[in-house]
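Enquirer: Input structure: structure.cif, which contains mmCIF, C-alpha atoms.
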data_input
loop_
_atom_site.group_PDB
_atom_site.id
_atom_site.type_symbol
_atom_site.label_atom_id
_atom_site.label_comp_id
_atom_site.auth_asym_id
_atom_site.auth_seq_id
_atom_site.Cartn_x
_atom_site.Cartn_y
_atom_site.Cartn_z
ATOM 1 C CA MET B 1 20.880 3.800 -11.497
ATOM 2 C CA THR B 2 22.927 4.620 -8.392
ATOM 3 C CA PRO B 3 21.822 4.215 -4.760
ATOM 4 C CA ARG B 4 22.756 7.847 -4.131
ATOM 5 C CA ALA B 5 20.401 9.121 -6.839
ATOM 6 C CA LEU B 6 17.653 6.722 -5.769
ATOM 7 C CA PHE B 7 17.708 7.704 -2.125
ATOM 8 C CA GLY B 8 18.198 11.357 -3.049
ATOM 9 C CA ILE B 9 14.887 11.383 -4.930
ATOM 10 C CA ALA B 10 13.119 9.523 -2.126
ATOM 11 C CA ARG B 11 14.560 11.777 0.580
ATOM 12 C CA ALA B 12 13.723 15.026 -1.224
ATOM 13 C CA ASP B 13 10.173 13.896 -1.898
ATOM 14 C CA LEU B 14 9.652 12.699 1.669
ATOM 15 C CA LEU B 15 10.947 15.947 3.177
ATOM 16 C CA GLU B 16 8.616 17.909 0.921
ATOM 17 C CA ARG B 17 5.654 15.834 2.070
ATOM 18 C CA VAL B 18 6.289 16.014 5.806
ATOM 19 C CA ARG B 19 6.266 19.813 5.614
ATOM 20 C CA ARG B 20 2.700 19.799 4.301
ATOM 21 C CA TYR B 21 -0.407 20.156 6.437
ATOM 22 C CA SER B 22 -1.810 17.069 4.714
ATOM 23 C CA PHE B 23 0.866 14.983 6.452
ATOM 24 C CA LEU B 24 -0.308 16.262 9.829
ATOM 25 C CA VAL B 25 -3.861 15.387 8.840
ATOM 26 C CA THR B 26 -2.666 11.894 7.940
ATOM 27 C CA LEU B 27 -1.037 11.463 11.340
ATOM 28 C CA ALA B 28 -4.193 12.752 13.046
ATOM 29 C CA ALA B 29 -6.296 10.258 11.101
ATOM 30 C CA THR B 30 -3.858 7.523 12.110
ATOM 31 C CA ALA B 31 -4.253 8.454 15.766
ATOM 32 C CA TRP B 32 -8.031 8.415 15.345
ATOM 33 C CA LEU B 33 -7.903 4.936 13.836
ATOM 34 C CA GLY B 34 -5.755 3.775 16.731
ATOM 35 C CA TRP B 35 -8.347 5.182 19.111
ATOM 36 C CA LEU B 36 -11.081 3.221 17.315
ATOM 37 C CA VAL B 37 -9.064 0.054 17.794
ATOM 38 C CA VAL B 38 -8.550 0.827 21.485
ATOM 39 C CA ARG B 39 -12.282 1.464 21.958
ATOM 40 C CA GLY B 40 -13.148 -1.836 20.310
ATOM 41 C CA GLN B 41 -14.729 -0.262 17.233
ATOM 42 C CA VAL B 42 -12.554 -2.500 15.047
ATOM 43 C CA VAL B 43 -13.286 -6.183 15.653
ATOM 44 C CA LEU B 44 -11.638 -9.251 14.125
ATOM 45 C CA LEU B 45 -13.970 -12.248 14.323
ATOM 46 C CA LEU B 46 -13.680 -15.895 13.426
ATOM 47 C CA ASP B 47 -17.362 -16.806 13.152
ATOM 48 C CA ASP B 48 -18.604 -15.606 16.561
ATOM 49 C CA TYR B 49 -15.273 -15.937 18.355
ATOM 50 C CA SER B 50 -12.252 -13.729 18.906
ATOM 51 C CA GLY B 51 -8.750 -14.180 20.273
ATOM 52 C CA GLU B 52 -7.815 -13.313 23.818
ATOM 53 C CA MET B 53 -6.329 -9.830 24.071
ATOM 54 C CA ASN B 54 -2.572 -10.275 24.289
ATOM 55 C CA GLY B 55 0.405 -8.908 22.404
ATOM 56 C CA ALA B 56 -0.005 -11.311 19.491
ATOM 57 C CA TRP B 57 -3.710 -10.600 19.025
ATOM 58 C CA ALA B 58 -3.360 -6.820 19.447
ATOM 59 C CA GLY B 59 -0.491 -6.632 16.956
ATOM 60 C CA THR B 60 -2.354 -8.815 14.468
ATOM 61 C CA LEU B 61 -5.592 -6.850 14.823
ATOM 62 C CA VAL B 62 -3.876 -3.547 14.109
ATOM 63 C CA SER B 63 -1.743 -5.019 11.307
ATOM 64 C CA VAL B 64 -4.699 -6.573 9.502
ATOM 65 C CA THR B 65 -6.510 -3.251 9.827
ATOM 66 C CA LEU B 66 -3.528 -1.588 8.154
ATOM 67 C CA SER B 67 -3.117 -4.086 5.335
ATOM 68 C CA THR B 68 -6.820 -4.065 4.473
ATOM 69 C CA LEU B 69 -8.669 -0.882 5.403
ATOM 70 C CA VAL B 70 -5.736 1.546 5.554
ATOM 71 C CA SER B 71 -4.329 0.255 2.253
ATOM 72 C CA LEU B 72 -7.455 1.563 0.502
ATOM 73 C CA VAL B 73 -7.032 5.110 1.779
ATOM 74 C CA GLY B 74 -3.250 4.910 1.778
ATOM 75 C CA PHE B 75 -3.225 4.666 -2.007
ATOM 76 C CA TRP B 76 -5.027 7.999 -2.295
ATOM 77 C CA ILE B 77 -2.772 9.526 0.378
ATOM 78 C CA VAL B 78 0.469 8.853 -1.517
ATOM 79 C CA LYS B 79 -0.845 9.124 -5.078
ATOM 80 C CA GLY B 80 0.040 12.477 -6.616
ATOM 81 C CA CYS B 81 3.795 12.713 -6.155
ATOM 82 C CA VAL B 82 4.495 12.570 -9.911
ATOM 83 C CA GLU B 83 1.794 15.093 -10.730
ATOM 84 C CA ARG B 84 3.159 17.397 -8.026
ATOM 85 C CA ASP B 85 6.571 17.371 -9.714
ATOM 86 C CA ARG B 86 4.849 18.218 -12.974
ATOM 87 C CA SER B 87 2.746 21.083 -11.640
ATOM 88 C CA THR B 88 5.606 22.653 -9.672
ATOM 89 C CA ARG B 89 7.981 22.391 -12.676
ATOM 90 C CA VAL B 90 10.367 20.288 -10.625
ATOM 91 C CA GLY B 91 9.919 17.629 -13.259
ATOM 92 C CA GLU B 92 11.546 19.850 -15.876
ATOM 93 C CA ILE B 93 14.672 20.055 -13.733
ATOM 94 C CA LEU B 94 14.663 16.304 -13.162
ATOM 95 C CA ALA B 95 14.149 15.655 -16.857
ATOM 96 C CA ALA B 96 17.320 17.624 -17.627
ATOM 97 C CA ALA B 97 19.323 15.656 -15.065
ATOM 98 C CA PRO B 98 21.213 12.466 -15.987
ATOM 99 C CA MET B 99 18.635 10.278 -14.288
ATOM 100 C CA SER B 100 16.980 7.160 -15.673
ATOM 101 C CA LYS B 101 13.242 6.615 -15.591
ATOM 102 C CA THR B 102 13.657 3.540 -13.397
ATOM 103 C CA THR B 103 15.603 5.575 -10.833
ATOM 104 C CA TYR B 104 12.777 8.092 -10.700
ATOM 105 C CA THR B 105 9.938 5.562 -10.331
ATOM 106 C CA LEU B 106 11.849 3.503 -7.761
ATOM 107 C CA GLY B 107 12.637 6.673 -5.803
ATOM 108 C CA LYS B 108 8.994 7.739 -5.799
ATOM 109 C CA CYS B 109 7.945 4.241 -4.742
ATOM 110 C CA LEU B 110 10.421 4.383 -1.867
ATOM 111 C CA SER B 111 9.076 7.785 -0.820
ATOM 112 C CA ASN B 112 5.487 6.503 -0.921
ATOM 113 C CA PHE B 113 6.515 3.518 1.161
ATOM 114 C CA ALA B 114 8.204 5.757 3.735
ATOM 115 C CA VAL B 115 4.968 7.716 4.215
ATOM 116 C CA LEU B 116 2.899 4.543 4.623
ATOM 117 C CA ALA B 117 5.542 3.012 6.887
ATOM 118 C CA THR B 118 5.166 6.068 9.147
ATOM 119 C CA ILE B 119 1.500 5.184 9.546
ATOM 120 C CA VAL B 120 2.435 1.583 10.343
ATOM 121 C CA GLY B 121 4.961 2.744 12.938
ATOM 122 C CA ALA B 122 2.469 5.077 14.572
ATOM 123 C CA LEU B 123 -0.150 2.356 14.881
ATOM 124 C CA ALA B 124 2.445 -0.122 16.140
ATOM 125 C CA LEU B 125 2.521 2.036 19.259
ATOM 126 C CA ALA B 126 -1.187 1.344 19.749
ATOM 127 C CA ALA B 127 -0.669 -2.361 20.439
ATOM 128 C CA PRO B 128 0.706 -2.004 24.019
ATOM 129 C CA ILE B 129 -1.903 0.671 24.747
ATOM 130 C CA LEU B 130 -4.635 -1.653 23.494
ATOM 131 C CA ILE B 131 -3.456 -4.422 25.806
ATOM 132 C CA ALA B 132 -3.328 -2.074 28.809
ATOM 133 C CA VAL B 133 -6.780 -0.583 28.181
ATOM 134 C CA LYS B 134 -8.432 -3.931 27.524
ATOM 135 C CA GLY B 135 -6.771 -5.654 30.472
ATOM 136 C CA GLY B 136 -5.111 -8.199 28.248
ATOM 137 C CA ALA B 137 -4.070 -11.725 29.072
ATOM 138 C CA GLY B 138 -0.476 -10.672 29.497
ATOM 139 C CA LEU B 139 2.267 -9.210 27.373
ATOM 140 C CA ALA B 140 3.733 -11.383 24.669
ATOM 141 C CA GLY B 141 7.333 -11.182 23.584
ATOM 142 C CA PRO B 142 8.483 -8.366 21.295
ATOM 143 C CA TRP B 143 8.542 -10.680 18.273
ATOM 144 C CA GLU B 144 4.941 -11.839 18.695
ATOM 145 C CA THR B 145 3.776 -8.208 18.920
ATOM 146 C CA LEU B 146 5.947 -6.673 16.190
ATOM 147 C CA ALA B 147 6.061 -9.525 13.669
ATOM 148 C CA PRO B 148 2.575 -8.749 12.252
ATOM 149 C CA PHE B 149 3.620 -5.163 11.543
ATOM 150 C CA LEU B 150 6.837 -6.262 9.844
ATOM 151 C CA LEU B 151 5.454 -9.237 7.894
ATOM 152 C CA ILE B 152 1.802 -8.355 7.313
ATOM 153 C CA ALA B 153 1.431 -4.571 7.210
ATOM 154 C CA LEU B 154 4.722 -3.413 5.660
ATOM 155 C CA PRO B 155 4.728 -5.774 2.619
ATOM 156 C CA ALA B 156 1.153 -4.722 1.827
ATOM 157 C CA MET B 157 2.116 -1.040 2.104
ATOM 158 C CA ALA B 158 5.046 -1.603 -0.282
ATOM 159 C CA VAL B 159 2.710 -2.953 -2.970
ATOM 160 C CA VAL B 160 0.288 -0.057 -2.477
ATOM 161 C CA ALA B 161 3.166 2.432 -2.753
ATOM 162 C CA ALA B 162 4.326 0.917 -6.052
ATOM 163 C CA LEU B 163 0.826 0.726 -7.528
ATOM 164 C CA ALA B 164 0.298 4.425 -6.756
ATOM 165 C CA VAL B 165 3.365 5.256 -8.885
ATOM 166 C CA LEU B 166 2.216 2.968 -11.716
ATOM 167 C CA PHE B 167 -1.213 4.583 -11.793
ATOM 168 C CA GLU B 168 0.435 8.003 -12.110
ATOM 169 C CA THR B 169 2.875 7.161 -14.873
ATOM 170 C CA PHE B 170 0.216 5.370 -16.946
ATOM 171 C CA ARG B 171 -1.726 8.373 -18.218
ATOM 172 C CA PRO B 172 -5.221 6.816 -18.523
ATOM 173 C CA LEU B 173 -5.118 5.990 -14.796
ATOM 174 C CA ALA B 174 -3.504 9.179 -13.536
ATOM 175 C CA GLY B 175 -6.801 10.965 -12.873
ATOM 176 C CA GLY B 176 -10.201 10.121 -11.491
ATOM 177 C CA ALA B 177 -10.547 6.938 -13.510
ATOM 178 C CA GLY B 178 -7.554 5.488 -11.702
ATOM 179 C CA ASN B 179 -8.995 6.411 -8.311
ATOM 180 C CA VAL B 180 -12.214 4.564 -9.138
ATOM 181 C CA LEU B 181 -10.377 1.574 -10.568
ATOM 182 C CA TRP B 182 -8.245 1.329 -7.444
ATOM 183 C CA PHE B 183 -11.346 0.700 -5.313
ATOM 184 C CA PHE B 184 -12.334 -2.293 -7.431
ATOM 185 C CA LEU B 185 -8.755 -3.572 -7.592
ATOM 186 C CA TRP B 186 -8.452 -3.244 -3.804
ATOM 187 C CA SER B 187 -11.721 -5.143 -3.350
ATOM 188 C CA ALA B 188 -10.443 -7.937 -5.578
ATOM 189 C CA MET B 189 -7.137 -8.150 -3.693
ATOM 190 C CA LEU B 190 -9.111 -8.727 -0.489
ATOM 191 C CA ALA B 191 -11.763 -11.111 -1.804
ATOM 192 C CA VAL B 192 -9.909 -13.337 -4.281
ATOM 193 C CA PRO B 193 -7.296 -14.833 -1.899
ATOM 194 C CA LEU B 194 -9.950 -15.729 0.691
ATOM 195 C CA ALA B 195 -12.301 -17.138 -1.955
ATOM 196 C CA THR B 196 -9.606 -19.230 -3.639
ATOM 197 C CA GLN B 197 -7.573 -19.920 -0.490
ATOM 198 C CA SER B 198 -4.466 -19.081 -2.511
ATOM 199 C CA PRO B 199 -1.467 -18.014 -0.376
ATOM 200 C CA ARG B 200 0.319 -16.684 -3.477
ATOM 201 C CA LEU B 201 -2.366 -14.016 -3.939
ATOM 202 C CA ASP B 202 -2.565 -13.070 -0.263
ATOM 203 C CA MET B 203 -1.120 -9.551 -0.439
ATOM 204 C CA THR B 204 -2.935 -8.378 2.712
ATOM 205 C CA GLY B 205 -1.868 -11.330 4.886
ATOM 206 C CA MET B 206 -5.443 -12.112 5.912
ATOM 207 C CA LEU B 207 -5.151 -15.725 4.756
ATOM 208 C CA VAL B 208 -2.081 -16.294 6.954
ATOM 209 C CA VAL B 209 -3.980 -15.035 10.002
ATOM 210 C CA GLN B 210 -7.084 -17.025 9.108
ATOM 211 C CA GLU B 211 -5.124 -20.276 8.878
ATOM 212 C CA SER B 212 -3.273 -19.792 12.160
ATOM 213 C CA ALA B 213 -6.003 -18.223 14.299
ATOM 214 C CA GLY B 214 -8.609 -20.513 12.753
ATOM 215 C CA ALA B 215 -6.735 -23.578 13.965
ATOM 216 C CA ALA B 216 -6.648 -22.130 17.496
ATOM 217 C CA ALA B 217 -10.352 -21.290 17.352
ATOM 218 C CA LYS B 218 -11.185 -24.802 16.132
ATOM 219 C CA ALA B 219 -9.196 -26.360 18.970
ATOM 220 C CA THR B 220 -11.194 -24.392 21.548
ATOM 221 C CA TYR B 221 -14.578 -24.337 19.812
ATOM 222 C CA PRO B 222 -15.246 -27.429 17.651
ATOM 223 C CA ASP B 223 -18.275 -25.719 16.086
ATOM 224 C CA TYR B 224 -16.047 -23.126 14.384
ATOM 225 C CA ARG B 225 -16.990 -23.163 10.680
ATOM 226 C CA GLY B 226 -14.088 -21.231 9.166
ATOM 227 C CA GLY B 227 -15.495 -17.695 9.095
ATOM 228 C CA PHE B 228 -13.154 -14.716 9.150
ATOM 229 C CA SER B 229 -14.131 -11.050 9.108
ATOM 230 C CA LEU B 230 -12.820 -7.611 10.061
ATOM 231 C CA ASN B 231 -15.646 -5.331 11.176
ATOM 232 C CA LEU B 232 -15.924 -1.601 11.820
ATOM 233 C CA GLY B 233 -18.364 0.045 14.195
ATOM 234 C CA GLY B 234 -18.231 -2.366 17.108
ATOM 235 C CA GLY B 235 -21.748 -3.729 16.535
ATOM 236 C CA GLU B 236 -20.396 -7.208 15.900
ATOM 237 C CA ARG B 237 -19.197 -7.402 19.512
ATOM 238 C CA ASP B 238 -22.783 -8.138 20.592
ATOM 239 C CA ARG B 239 -22.689 -11.559 18.957
ATOM 240 C CA LEU B 240 -19.306 -12.512 20.397
ATOM 241 C CA LYS B 241 -19.706 -15.925 22.056
ATOM 242 C CA GLY B 242 -16.253 -16.345 23.492
ATOM 243 C CA THR B 243 -12.524 -15.960 23.137
ATOM 244 C CA PHE B 244 -9.732 -18.437 22.541
ATOM 245 C CA PRO B 245 -6.019 -18.404 23.417
ATOM 246 C CA TRP B 246 -3.665 -17.640 20.550
ATOM 247 C CA ASN B 247 0.022 -16.847 20.620
ATOM 248 C CA GLY B 248 0.299 -15.476 17.109
ATOM 249 C CA VAL B 249 1.188 -16.812 13.694
ATOM 250 C CA GLU B 250 3.895 -19.446 13.663
ATOM 251 C CA TRP B 251 6.279 -17.713 11.322
ATOM 252 C CA THR B 252 7.935 -20.574 9.483
ATOM 253 C CA ALA B 253 10.628 -19.955 6.875
ATOM 254 C CA SER B 254 8.147 -20.498 4.035
ATOM 255 C CA ARG B 255 5.636 -18.038 5.488
ATOM 256 C CA ILE B 256 8.294 -15.400 6.036
ATOM 257 C CA ALA B 257 9.627 -15.877 2.501
ATOM 258 C CA ARG B 258 6.122 -15.615 1.074
ATOM 259 C CA ARG B 259 5.466 -12.342 2.880
ATOM 260 C CA LEU B 260 8.855 -10.848 2.014
ATOM 261 C CA SER B 261 8.303 -11.749 -1.645
ATOM 262 C CA TRP B 262 5.735 -8.942 -1.810
ATOM 263 C CA PHE B 263 8.594 -6.464 -1.502
ATOM 264 C CA GLY B 264 9.942 -8.009 -4.697
ATOM 265 C CA VAL B 265 6.522 -7.659 -6.317
ATOM 266 C CA ALA B 266 6.506 -3.982 -5.346
ATOM 267 C CA MET B 267 9.918 -3.469 -6.939
ATOM 268 C CA VAL B 268 8.778 -5.121 -10.164
ATOM 269 C CA ILE B 269 5.687 -2.876 -10.260
ATOM 270 C CA ALA B 270 7.886 0.194 -9.746
ATOM 271 C CA LEU B 271 10.142 -0.907 -12.621
ATOM 272 C CA VAL B 272 7.133 -1.502 -14.869
ATOM 273 C CA ALA B 273 5.915 1.997 -13.984
ATOM 274 C CA ALA B 274 8.999 3.375 -15.737
ATOM 275 C CA LEU B 275 7.851 2.008 -19.117
ATOM 276 C CA PRO B 276 4.884 4.395 -19.655
ATOM 277 C CA PHE B 277 6.596 7.281 -17.821
ATOM 278 C CA ASP B 278 6.891 10.251 -20.217
ATOM 279 C CA ARG B 279 9.805 11.875 -18.346
ATOM 280 C CA PHE B 280 7.785 15.108 -18.135
ATOM 281 C CA ASP B 281 7.657 15.520 -21.909
ATOM 282 C CA GLU B 282 4.569 17.697 -22.205
ATOM 283 C CA SER B 283 4.347 17.175 -25.959
ATOM 284 C CA ARG B 284 3.351 13.587 -25.262
ATOM 285 C CA ARG B 285 0.616 14.657 -22.874
ATOM 286 C CA LYS B 286 -1.240 17.069 -25.124
ATOM 287 C CA LYS B 287 -4.894 16.358 -25.427
ATOM 288 C CA GLY B 288 -5.565 14.205 -28.424
ATOM 289 C CA ALA B 289 -1.902 13.458 -29.065
ATOM 290 C CA LEU B 290 -1.316 10.074 -30.678
ATOM 291 C CA PRO B 291 1.390 7.594 -29.746
ATOM 292 C CA PHE B 292 4.619 7.840 -31.746
ATOM 293 C CA PHE B 293 3.861 4.808 -33.903
ATOM 294 C CA LEU B 294 0.388 6.124 -34.874
ATOM 295 C CA GLN B 295 1.392 9.622 -35.876
ATOM 296 C CA SER B 296 1.320 10.626 -39.505
ATOM 297 C CA SER B 297 4.669 10.883 -41.261
ATOM 298 C CA SER B 298 3.702 14.418 -42.282
ATOM 299 C CA ASP B 299 3.135 15.529 -38.678
ATOM 300 C CA PRO B 300 5.447 18.556 -38.158
ATOM 301 C CA ALA B 301 6.218 17.565 -34.538
ATOM 302 C CA LEU B 302 7.179 14.082 -35.629
ATOM 303 C CA MET B 303 9.280 15.393 -38.522
ATOM 304 C CA ARG B 304 11.178 17.699 -36.163
ATOM 305 C CA LYS B 305 11.801 14.748 -33.861
ATOM 306 C CA ARG B 306 13.238 12.845 -36.817
ATOM 307 C CA GLY B 307 15.393 15.793 -37.850
ATOM 308 C CA VAL B 308 13.400 16.613 -40.980
ATOM 309 C CA SER B 309 12.567 20.246 -41.690
ATOM 310 C CA HIS B 310 9.013 21.212 -42.495
ATOM 311 C CA LYS B 311 8.527 24.127 -44.835
ATOM 312 C CA CYS B 312 5.434 25.526 -46.450
ATOM 313 C CA PRO B 313 5.482 25.359 -50.251
ATOM 314 C CA ASP B 314 6.201 28.544 -52.126
ATOM 315 C CA VAL B 315 3.186 30.312 -53.578
#
Could you take the file, read its structure, and then write that structure out as structure tokens?
Expert:
Amino acid sequence: MTPRALFGIARADLLERVRRYSFLVTLAATAWLGWLVVRGQVVLLLDDYSGEMNGAWAGTLVSVTLSTLVSLVGFWIVKGCVERDRSTRVGEILAAAPMSKTTYTLGKCLSNFAVLATIVGALALAAPILIAVKGGAGLAGPWETLAPFLLIALPAMAVVAALAVLFETFRPLAGGAGNVLWFFLWSAMLAVPLATQSPRLDMTGMLVVQESAGAAAKATYPDYRGGFSLNLGGGERDRLKGTFPWNGVEWTASRIARRLSWFGVAMVIALVAALPFDRFDESRRKKGALPFFLQSSSDPALMRKRGVSHKCPDV
């Protein structure tokens, strides 16, 4: 695997995507989501309290929205890059090239991540607008505003990008069954870390925000009971009792390392995706075809693969 081949695959795939109308639709949907955040239709509550609108809170609100809600749809947005190579016959050209399976899956993962990172970048622009529209409590420093996008949203998007490739290379999950399974897997990735309070399972970064913002809420409102929820629709604003000052997550070395480790998890997933990848060998994808180790020794296709001729007996 060479960096030139890896980035070549990612670049070619990304350029092909940005020329599609679906990419423009994705950007339009991103702008619409940003507008919902600006209008207050997306609310982050700790029990009945919320943070004061400043750079740290705006950046965190948008980032948590990305790592949770957008990650669900983002999987379906990027899933399909392998199948597209297959249907357009590009895969046949790639299969003939001196390229390893790991190079291909890592390149596709990188391309998926680039698409999702574009969404993150677009919504990062919504944070200053949100502060201006809401009449925030003042602008925070660049780090307090951008850190949630870099350390909460982007690691989560990297994992989603890698899982999309794995679902495509593992044939039973390449179709509709994989799309359904992803919803339940996504639900588990949100619920399990909060239920177990396990930082190691906190792919979305919600637990990091809950710990930090929860401490600030408790300092201002002693009756805070530890609740944490991200709500759509804006109806939850009616029960908002008050706000509390918060200057963002204190990004210690251990917290930064824990968030960056999800990039490593994404790389491992992309490497695992190479194991079931058939390298566009259509003979292995025929309906009803058995794995190599289950095929009969008299199977003509298997005998040809082993270099044994198959002739009909003379009559």
Enquirer: Would you kindly return, as a list in words, each protein, DNA or RNA residue with an atom no farther than 6 Å from any atom of Ala266 (chain B), considering all atoms listed in the file and excluding same-chain residues fewer than 5 positions away?
Expert: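 So, after excluding close chain neighbours, the residues are Ala158, Val159 and Ala162 of chain B.
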Enquirer: Once you add 5 Å to each side, what are the centre and edge lengths of the axis-aligned box holding all listed atoms of region 243-261 of chain B? One decimal in Å, as lines of an AutoDock Vina configuration file, if you can.
Expert:
center_x = -0.9
center_y = -15.7
center_z = 10.9
size_x = 33.2
size_y = 19.7
size_z = 35.1
Enquirer: Please list as a VMD selection string every residue within 8 Å of Thr30 (chain B), counting only C-alpha atoms and excluding residues in the same chain fewer than 5 positions away.
Expert: chain B and resid 119 122 to 123
Enquirer: Once the PyMOL selection byres ((chain B and resi 85) around 12) has been evaluated on this model, what residues remain selected, and can you format them as a list of chain:residue names?
Expert: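 So the PyMOL selection byres ((chain B and resi 85) around 12), applied here, picks out B:Ile9, B:Ala12, B:Asp13, B:Glu16, B:Arg17, B:Gly80, B:Cys81, B:Val82, B:Glu83, B:Arg84, B:Arg86, B:Ser87, B:Thr88, B:Arg89, B:Val90, B:Gly91, B:Glu92, B:Ile93, B:Leu94, B:Ala95, B:Tyr104, B:Lys108, B:Glu168, B:Arg279, B:Phe280.
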Enquirer: Taking 3 positions as the minimum chain separation for residues in the same chain, which residues sit within 8 Å of region 202-218 of chain B when counting all atoms listed in the file? Answer as a PyMOL selection string.
Expert: chain B and resi 46+49-51+60+64+67-68+152-153+155-156+189-190+193-194+197-199+221-224+226+228+244-246+248-250+259+262
Enquirer: Using C-alpha atoms, can you write the selected residues to a file as an mmCIF file, in the frame of the given file?
Expert:
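Result file is result-v3.cif:
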data_model
loop_
_atom_site.group_PDB
_atom_site.id
_atom_site.type_symbol
_atom_site.label_atom_id
_atom_site.label_comp_id
_atom_site.auth_asym_id
_atom_site.auth_seq_id
_atom_site.Cartn_x
_atom_site.Cartn_y
_atom_site.Cartn_z
ATOM 1 C CA LEU B 46 -13.680 -15.895 13.426
ATOM 2 C CA TYR B 49 -15.273 -15.937 18.355
ATOM 3 C CA SER B 50 -12.252 -13.729 18.906
ATOM 4 C CA GLY B 51 -8.750 -14.180 20.273
ATOM 5 C CA THR B 60 -2.354 -8.815 14.468
ATOM 6 C CA VAL B 64 -4.699 -6.573 9.502
ATOM 7 C CA SER B 67 -3.117 -4.086 5.335
ATOM 8 C CA THR B 68 -6.820 -4.065 4.473
ATOM 9 C CA ILE B 152 1.802 -8.355 7.313
ATOM 10 C CA ALA B 153 1.431 -4.571 7.210
ATOM 11 C CA PRO B 155 4.728 -5.774 2.619
ATOM 12 C CA ALA B 156 1.153 -4.722 1.827
ATOM 13 C CA MET B 189 -7.137 -8.150 -3.693
ATOM 14 C CA LEU B 190 -9.111 -8.727 -0.489
ATOM 15 C CA PRO B 193 -7.296 -14.833 -1.899
ATOM 16 C CA LEU B 194 -9.950 -15.729 0.691
ATOM 17 C CA GLN B 197 -7.573 -19.920 -0.490
ATOM 18 C CA SER B 198 -4.466 -19.081 -2.511
ATOM 19 C CA PRO B 199 -1.467 -18.014 -0.376
ATOM 20 C CA TYR B 221 -14.578 -24.337 19.812
ATOM 21 C CA PRO B 222 -15.246 -27.429 17.651
ATOM 22 C CA ASP B 223 -18.275 -25.719 16.086
ATOM 23 C CA TYR B 224 -16.047 -23.126 14.384
ATOM 24 C CA GLY B 226 -14.088 -21.231 9.166
ATOM 25 C CA PHE B 228 -13.154 -14.716 9.150
ATOM 26 C CA PHE B 244 -9.732 -18.437 22.541
ATOM 27 C CA PRO B 245 -6.019 -18.404 23.417
ATOM 28 C CA TRP B 246 -3.665 -17.640 20.550
ATOM 29 C CA GLY B 248 0.299 -15.476 17.109
ATOM 30 C CA VAL B 249 1.188 -16.812 13.694
ATOM 31 C CA GLU B 250 3.895 -19.446 13.663
ATOM 32 C CA ARG B 259 5.466 -12.342 2.880
ATOM 33 C CA TRP B 262 5.735 -8.942 -1.810
#
Enquirer: Counting only C-alpha atoms, write as number ranges by chain all protein and nucleic acid residues lying at most 10 Å from (2.8, 9.8, -18.2) in the file's frame.
Expert: B: 82-83, 166-174, 273-282, 284-285
Enquirer: How many Å separate CA of Thr65 (chain B) from CA of Pro148 (chain B)?
Expert: 10.9 Å
Enquirer: Have a look at B:Thr2, B:Asn54, B:Ser187, B:Thr102 and name the one nearest to Pro142 (chain B); count only C-alpha atoms.
Expert: B:Asn54
Enquirer: Which is closest to Thr105 (chain B) among B:Val42, B:Leu6, B:Ala177, B:Ala219, if we use all atoms listed in the file?
Expert: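 So, comparing all the options, the nearest one is B:Leu6.
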Enquirer: Any chance you could resolve the PyMOL selection byres ((chain B and resi 72) around 10) against this file and give the residues as a PDB file with C-alpha atoms, in the coordinates of the input?
Expert:
ATOM      1  CA  LEU B  66      -3.528  -1.588   8.154  1.00  0.00           C
ATOM      2  CA  SER B  67      -3.117  -4.086   5.335  1.00  0.00           C
ATOM      3  CA  THR B  68      -6.820  -4.065   4.473  1.00  0.00           C
ATOM      4  CA  LEU B  69      -8.669  -0.882   5.403  1.00  0.00           C
ATOM      5  CA  VAL B  70      -5.736   1.546   5.554  1.00  0.00           C
ATOM      6  CA  SER B  71      -4.329   0.255   2.253  1.00  0.00           C
ATOM      7  CA  VAL B  73      -7.032   5.110   1.779  1.00  0.00           C
ATOM      8  CA  GLY B  74      -3.250   4.910   1.778  1.00  0.00           C
ATOM      9  CA  PHE B  75      -3.225   4.666  -2.007  1.00  0.00           C
ATOM     10  CA  TRP B  76      -5.027   7.999  -2.295  1.00  0.00           C
ATOM     11  CA  ILE B  77      -2.772   9.526   0.378  1.00  0.00           C
ATOM     12  CA  VAL B 160       0.288  -0.057  -2.477  1.00  0.00           C
ATOM     13  CA  TRP B 182      -8.245   1.329  -7.444  1.00  0.00           C
ATOM     14  CA  PHE B 183     -11.346   0.700  -5.313  1.00  0.00           C
ATOM     15  CA  LEU B 185      -8.755  -3.572  -7.592  1.00  0.00           C
ATOM     16  CA  TRP B 186      -8.452  -3.244  -3.804  1.00  0.00           C
ATOM     17  CA  SER B 187     -11.721  -5.143  -3.350  1.00  0.00           C
TER      18      SER B 187
END
Enquirer: From the list B:Lys79, B:Tyr21, B:Val62, B:Leu271, which residue is nearest Gly175 (chain B) when using all atoms listed in the file?
Expert: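 Checking each candidate against Gly175 (chain B), we get B:Lys79 as the closest.
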Enquirer: Report, in Å with one decimal, the straight-line distance from CA of Glu144 (chain B) to CA of Ile256 (chain B).
Expert: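 We find that CA of Glu144 (chain B) and CA of Ile256 (chain B) lie 13.6 Å from each other.
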Enquirer: Give me the residues within 9 Å of Phe7 (chain B) as JSON, numbers by chain, counting only C-alpha atoms and dropping any in the same chain fewer than 3 places off.
Expert: {"B": [2, 3, 4, 10, 11, 12, 107, 110, 111]}
Enquirer: Can you write out the residues you just picked, keeping C-alpha atoms, as a short mmCIF file (atom, residue, chain, number, x, y, z; two decimals), keeping the file's coordinate frame?
Expert:
data_model
loop_
_atom_site.label_atom_id
_atom_site.label_comp_id
_atom_site.auth_asym_id
_atom_site.auth_seq_id
_atom_site.Cartn_x
_atom_site.Cartn_y
_atom_site.Cartn_z
CA THR B 2 22.93 4.62 -8.39
CA PRO B 3 21.82 4.22 -4.76
CA ARG B 4 22.76 7.85 -4.13
CA ALA B 10 13.12 9.52 -2.13
CA ARG B 11 14.56 11.78 0.58
CA ALA B 12 13.72 15.03 -1.22
CA GLY B 107 12.64 6.67 -5.80
CA LEU B 110 10.42 4.38 -1.87
CA SER B 111 9.08 7.78 -0.82
#
